[in-house]
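> Next up is a structure, given as structure tokens.
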Amino acid sequence: MAVEDGTNTVEGIAAEAAEATETLAAAESTEALAVRYPVAPGIRLKVRSGPGTQYQLIKVLPLGSRVPINCQKPGEWITGTYGTTNLWDNIANGQYVSDAYVNTGSDGYVAPRCA
């Protein structure tokens with residue numbers, strides 16, 4: 001017999017909680033599977049608010065960092081450990097690093113272009 005709490009049954013609330021837990025676990029699993037690329041050895045990479053050195057410095061990544069690449073966009077040309085490129089990698093919302101310092105194994109795009 002279901003116990004009413006006004007609008008939802010106890011069983012319904014428990015089912016919703018279980019579904020929310022499964023959704024959270026799936027999201028965490030997807031995030032854990034996201035490819036992370038290594039930053040060049042010995043480099044404390046600067047993270048900028050846009051694809052160029054004229055954009056605001058947000059933070060500096062620690063040595064040995066690995067970064068996800070959500071999307072990529074052209075910007076300022078940079079010469080770094082892995083060559084010269086104008087590709088910038090979006091590593092989080094509003095956060096970009098030069099692809100010249102990220103070991104993607106490619107000279108081109110490895111992710112979709114940023115909108």
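Chain labels follow the order of the structure tokens: the first chain is A, the next B, and so on; residue numbering restarts at 1 in every chain, and ligands are counted from 1 in their shown order.
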Which residues come within 7 Å of range 72-89 of chain A, counting only C-alpha atoms, excluding same-chain residues fewer than 4 positions away, as number ranges by chain?
A: 40, 51-52, 96-101, 103, 109, 111-114
> Kindly save the residues from that selection, with all heavy atoms included, as a compact mmCIF listing (two decimals), in the first residue's frame.

```
# COMPACT_ATOMS: atom_id res chain seq x y z
N ALA A 40 52.79 19.65 -22.54
CA ALA A 40 54.22 19.41 -22.75
C ALA A 40 54.98 19.35 -21.42
O ALA A 40 54.68 20.12 -20.51
CB ALA A 40 54.80 20.52 -23.63
N PRO A 51 41.00 32.70 -27.48
CA PRO A 51 42.08 32.09 -28.28
C PRO A 51 43.23 33.04 -28.65
O PRO A 51 43.52 33.28 -29.81
CB PRO A 51 41.35 31.59 -29.51
CG PRO A 51 40.25 32.59 -29.69
CD PRO A 51 39.81 32.95 -28.29
N GLY A 52 43.89 33.60 -27.64
CA GLY A 52 45.04 34.47 -27.89
C GLY A 52 45.61 35.02 -26.61
O GLY A 52 44.95 35.01 -25.56
N TYR A 96 40.74 28.59 -22.58
CA TYR A 96 41.47 28.15 -23.77
C TYR A 96 42.97 28.05 -23.50
O TYR A 96 43.52 28.85 -22.75
CB TYR A 96 41.25 29.14 -24.92
CG TYR A 96 39.84 29.16 -25.43
CD1 TYR A 96 38.87 29.95 -24.83
CD2 TYR A 96 39.47 28.37 -26.50
CE1 TYR A 96 37.57 29.96 -25.29
CE2 TYR A 96 38.16 28.37 -26.98
CZ TYR A 96 37.21 29.17 -26.36
OH TYR A 96 35.93 29.17 -26.82
N VAL A 97 43.59 27.06 -24.15
CA VAL A 97 45.05 26.91 -24.12
C VAL A 97 45.52 26.73 -25.56
O VAL A 97 44.79 26.21 -26.41
CB VAL A 97 45.52 25.72 -23.26
CG1 VAL A 97 45.14 25.93 -21.79
CG2 VAL A 97 44.96 24.40 -23.77
N SER A 98 46.76 27.15 -25.83
CA SER A 98 47.31 26.97 -27.17
C SER A 98 47.60 25.49 -27.42
O SER A 98 48.22 24.81 -26.59
CB SER A 98 48.59 27.77 -27.35
OG SER A 98 49.18 27.43 -28.59
N ASP A 99 47.18 25.01 -28.58
CA ASP A 99 47.42 23.62 -28.96
C ASP A 99 48.90 23.35 -29.19
O ASP A 99 49.32 22.19 -29.23
CB ASP A 99 46.62 23.30 -30.23
CG ASP A 99 46.51 21.81 -30.50
OD1 ASP A 99 45.93 21.10 -29.67
OD2 ASP A 99 47.02 21.37 -31.55
N ALA A 100 49.72 24.40 -29.28
CA ALA A 100 51.16 24.24 -29.48
C ALA A 100 51.83 23.59 -28.28
O ALA A 100 52.97 23.12 -28.38
CB ALA A 100 51.81 25.60 -29.76
N TYR A 101 51.13 23.55 -27.15
CA TYR A 101 51.69 22.96 -25.93
C TYR A 101 50.94 21.72 -25.46
O TYR A 101 51.18 21.21 -24.37
CB TYR A 101 51.69 24.00 -24.80
CG TYR A 101 52.63 25.13 -25.07
CD1 TYR A 101 52.18 26.35 -25.58
CD2 TYR A 101 54.00 24.99 -24.83
CE1 TYR A 101 53.05 27.39 -25.84
CE2 TYR A 101 54.88 26.04 -25.08
CZ TYR A 101 54.39 27.23 -25.58
OH TYR A 101 55.27 28.26 -25.83
N ASN A 103 49.89 17.77 -26.38
CA ASN A 103 50.28 16.64 -27.22
C ASN A 103 49.03 15.86 -27.65
O ASN A 103 48.59 14.93 -27.00
CB ASN A 103 51.25 15.72 -26.47
CG ASN A 103 51.80 14.63 -27.36
OD1 ASN A 103 51.48 14.56 -28.54
ND2 ASN A 103 52.64 13.79 -26.80
N TYR A 109 42.81 19.51 -36.29
CA TYR A 109 41.72 19.41 -35.32
C TYR A 109 41.57 17.97 -34.82
O TYR A 109 41.61 17.03 -35.60
CB TYR A 109 40.40 19.85 -35.96
CG TYR A 109 40.29 21.35 -36.15
CD1 TYR A 109 40.79 21.96 -37.30
CD2 TYR A 109 39.72 22.16 -35.18
CE1 TYR A 109 40.70 23.33 -37.49
CE2 TYR A 109 39.62 23.52 -35.35
CZ TYR A 109 40.12 24.11 -36.50
OH TYR A 109 40.03 25.47 -36.68
N ALA A 111 39.07 17.72 -32.28
CA ALA A 111 37.76 17.92 -31.67
C ALA A 111 36.97 18.83 -32.60
O ALA A 111 37.55 19.48 -33.49
CB ALA A 111 37.93 18.55 -30.28
N PRO A 112 35.67 18.93 -32.39
CA PRO A 112 34.86 19.82 -33.24
C PRO A 112 35.30 21.28 -33.08
O PRO A 112 35.88 21.65 -32.06
CB PRO A 112 33.44 19.63 -32.74
CG PRO A 112 33.47 18.57 -31.71
CD PRO A 112 34.87 18.25 -31.39
N ARG A 113 34.98 22.09 -34.09
CA ARG A 113 35.24 23.53 -33.97
C ARG A 113 34.26 24.13 -32.96
O ARG A 113 33.10 23.76 -32.92
CB ARG A 113 35.05 24.23 -35.31
CG ARG A 113 36.19 23.97 -36.26
CD ARG A 113 36.00 24.78 -37.53
NE ARG A 113 37.08 24.50 -38.45
CZ ARG A 113 37.89 25.42 -38.96
NH1 ARG A 113 37.70 26.69 -38.66
NH2 ARG A 113 38.85 25.09 -39.78
N CYS A 114 34.78 25.07 -32.17
CA CYS A 114 33.92 25.76 -31.21
C CYS A 114 32.94 26.66 -31.96
O CYS A 114 33.30 27.24 -32.99
CB CYS A 114 34.75 26.61 -30.25
SG CYS A 114 35.96 25.69 -29.28
```
> Quick one: residues within 10 Å of Asn93 in chain A, only C-alpha atoms counted, chain neighbours fewer than 2 positions away excluded, as an NGL selection string?
:A and (49 or 70 or 90-91 or 95-96)
> Per DSSP on the backbone, what are the strand (DSSP E) residues of range 52-91 of chain A, as a ChimeraX atom specification?
/A:57-60,66-68,71-80,83-91
> Can I get the selected residues back with N, CA, C and O atoms, as a JSON list (two decimals), in the first residue's frame?

```json
[["chain", "number", "residue", "atom", "x", "y", "z"],
["A", 57, "LEU", "N", 44.19, 36.28, -18.58],
["A", 57, "LEU", "CA", 44.79, 35.09, -17.98],
["A", 57, "LEU", "C", 43.86, 34.62, -16.87],
["A", 57, "LEU", "O", 43.55, 35.38, -15.95],
["A", 58, "ILE", "N", 43.40, 33.37, -16.96],
["A", 58, "ILE", "CA", 42.48, 32.82, -15.97],
["A", 58, "ILE", "C", 43.23, 32.08, -14.87],
["A", 58, "ILE", "O", 42.98, 32.26, -13.70],
["A", 59, "LYS", "N", 44.17, 31.22, -15.30],
["A", 59, "LYS", "CA", 44.96, 30.44, -14.34],
["A", 59, "LYS", "C", 46.15, 29.85, -15.07],
["A", 59, "LYS", "O", 46.27, 29.95, -16.28],
["A", 60, "VAL", "N", 47.04, 29.23, -14.30],
["A", 60, "VAL", "CA", 48.19, 28.54, -14.85],
["A", 60, "VAL", "C", 48.10, 27.09, -14.39],
["A", 60, "VAL", "O", 47.93, 26.82, -13.19],
["A", 66, "ARG", "N", 47.04, 17.23, -17.57],
["A", 66, "ARG", "CA", 46.38, 16.64, -18.73],
["A", 66, "ARG", "C", 45.06, 17.40, -18.88],
["A", 66, "ARG", "O", 44.41, 17.69, -17.90],
["A", 67, "VAL", "N", 44.71, 17.72, -20.13],
["A", 67, "VAL", "CA", 43.52, 18.54, -20.36],
["A", 67, "VAL", "C", 42.54, 17.86, -21.31],
["A", 67, "VAL", "O", 42.95, 17.19, -22.25],
["A", 68, "PRO", "N", 41.25, 18.05, -21.08],
["A", 68, "PRO", "CA", 40.25, 17.61, -22.06],
["A", 68, "PRO", "C", 40.18, 18.67, -23.16],
["A", 68, "PRO", "O", 40.53, 19.83, -22.93],
["A", 71, "CYS", "N", 36.36, 21.51, -27.62],
["A", 71, "CYS", "CA", 36.28, 21.99, -29.00],
["A", 71, "CYS", "C", 37.53, 22.80, -29.26],
["A", 71, "CYS", "O", 38.30, 23.07, -28.35],
["A", 72, "GLN", "N", 37.74, 23.17, -30.53],
["A", 72, "GLN", "CA", 38.93, 23.94, -30.90],
["A", 72, "GLN", "C", 38.52, 25.07, -31.83],
["A", 72, "GLN", "O", 37.53, 24.97, -32.55],
["A", 73, "LYS", "N", 39.30, 26.17, -31.79],
["A", 73, "LYS", "CA", 39.04, 27.29, -32.68],
["A", 73, "LYS", "C", 40.33, 27.98, -33.04],
["A", 73, "LYS", "O", 41.29, 27.94, -32.29],
["A", 74, "PRO", "N", 40.36, 28.59, -34.23],
["A", 74, "PRO", "CA", 41.55, 29.32, -34.63],
["A", 74, "PRO", "C", 41.67, 30.62, -33.86],
["A", 74, "PRO", "O", 40.67, 31.21, -33.43],
["A", 75, "GLY", "N", 42.90, 31.07, -33.69],
["A", 75, "GLY", "CA", 43.16, 32.32, -32.99],
["A", 75, "GLY", "C", 44.58, 32.78, -33.29],
["A", 75, "GLY", "O", 45.08, 32.58, -34.40],
["A", 76, "GLU", "N", 45.23, 33.34, -32.30],
["A", 76, "GLU", "CA", 46.59, 33.84, -32.45],
["A", 76, "GLU", "C", 47.57, 32.70, -32.74],
["A", 76, "GLU", "O", 47.46, 31.62, -32.17],
["A", 77, "TRP", "N", 48.53, 32.96, -33.63],
["A", 77, "TRP", "CA", 49.57, 31.98, -33.93],
["A", 77, "TRP", "C", 50.55, 31.92, -32.77],
["A", 77, "TRP", "O", 51.01, 32.96, -32.29],
["A", 78, "ILE", "N", 50.87, 30.70, -32.32],
["A", 78, "ILE", "CA", 51.78, 30.48, -31.20],
["A", 78, "ILE", "C", 52.80, 29.41, -31.60],
["A", 78, "ILE", "O", 52.45, 28.40, -32.22],
["A", 79, "THR", "N", 54.05, 29.62, -31.23],
["A", 79, "THR", "CA", 55.09, 28.61, -31.40],
["A", 79, "THR", "C", 55.39, 28.02, -30.03],
["A", 79, "THR", "O", 55.66, 28.76, -29.08],
["A", 80, "GLY", "N", 55.28, 26.70, -29.94],
["A", 80, "GLY", "CA", 55.50, 26.04, -28.66],
["A", 80, "GLY", "C", 56.22, 24.72, -28.84],
["A", 80, "GLY", "O", 56.80, 24.44, -29.90],
["A", 83, "GLY", "N", 55.30, 22.70, -32.03],
["A", 83, "GLY", "CA", 55.26, 23.38, -33.31],
["A", 83, "GLY", "C", 54.58, 24.73, -33.25],
["A", 83, "GLY", "O", 54.36, 25.29, -32.18],
["A", 84, "THR", "N", 54.25, 25.24, -34.42],
["A", 84, "THR", "CA", 53.58, 26.53, -34.56],
["A", 84, "THR", "C", 52.16, 26.29, -35.06],
["A", 84, "THR", "O", 51.96, 25.57, -36.04],
["A", 85, "THR", "N", 51.20, 26.88, -34.38],
["A", 85, "THR", "CA", 49.80, 26.67, -34.73],
["A", 85, "THR", "C", 48.96, 27.87, -34.32],
["A", 85, "THR", "O", 49.35, 28.64, -33.43],
["A", 86, "ASN", "N", 47.80, 27.99, -34.94],
["A", 86, "ASN", "CA", 46.83, 29.00, -34.50],
["A", 86, "ASN", "C", 45.62, 28.32, -33.85],
["A", 86, "ASN", "O", 44.62, 28.97, -33.57],
["A", 87, "LEU", "N", 45.72, 27.02, -33.60],
["A", 87, "LEU", "CA", 44.63, 26.29, -32.93],
["A", 87, "LEU", "C", 44.67, 26.52, -31.43],
["A", 87, "LEU", "O", 45.73, 26.45, -30.80],
["A", 88, "TRP", "N", 43.51, 26.76, -30.87],
["A", 88, "TRP", "CA", 43.36, 26.90, -29.42],
["A", 88, "TRP", "C", 42.33, 25.89, -28.95],
["A", 88, "TRP", "O", 41.30, 25.69, -29.60],
["A", 89, "ASP", "N", 42.64, 25.25, -27.84],
["A", 89, "ASP", "CA", 41.80, 24.18, -27.29],
["A", 89, "ASP", "C", 40.93, 24.71, -26.16],
["A", 89, "ASP", "O", 41.44, 25.32, -25.21],
["A", 90, "ASN", "N", 39.63, 24.48, -26.26],
["A", 90, "ASN", "CA", 38.71, 24.84, -25.18],
["A", 90, "ASN", "C", 38.74, 23.69, -24.18],
["A", 90, "ASN", "O", 38.38, 22.56, -24.50],
["A", 91, "ILE", "N", 39.21, 23.97, -22.96],
["A", 91, "ILE", "CA", 39.35, 22.93, -21.95],
["A", 91, "ILE", "C", 38.24, 22.98, -20.90],
["A", 91, "ILE", "O", 38.08, 22.06, -20.11]]
```
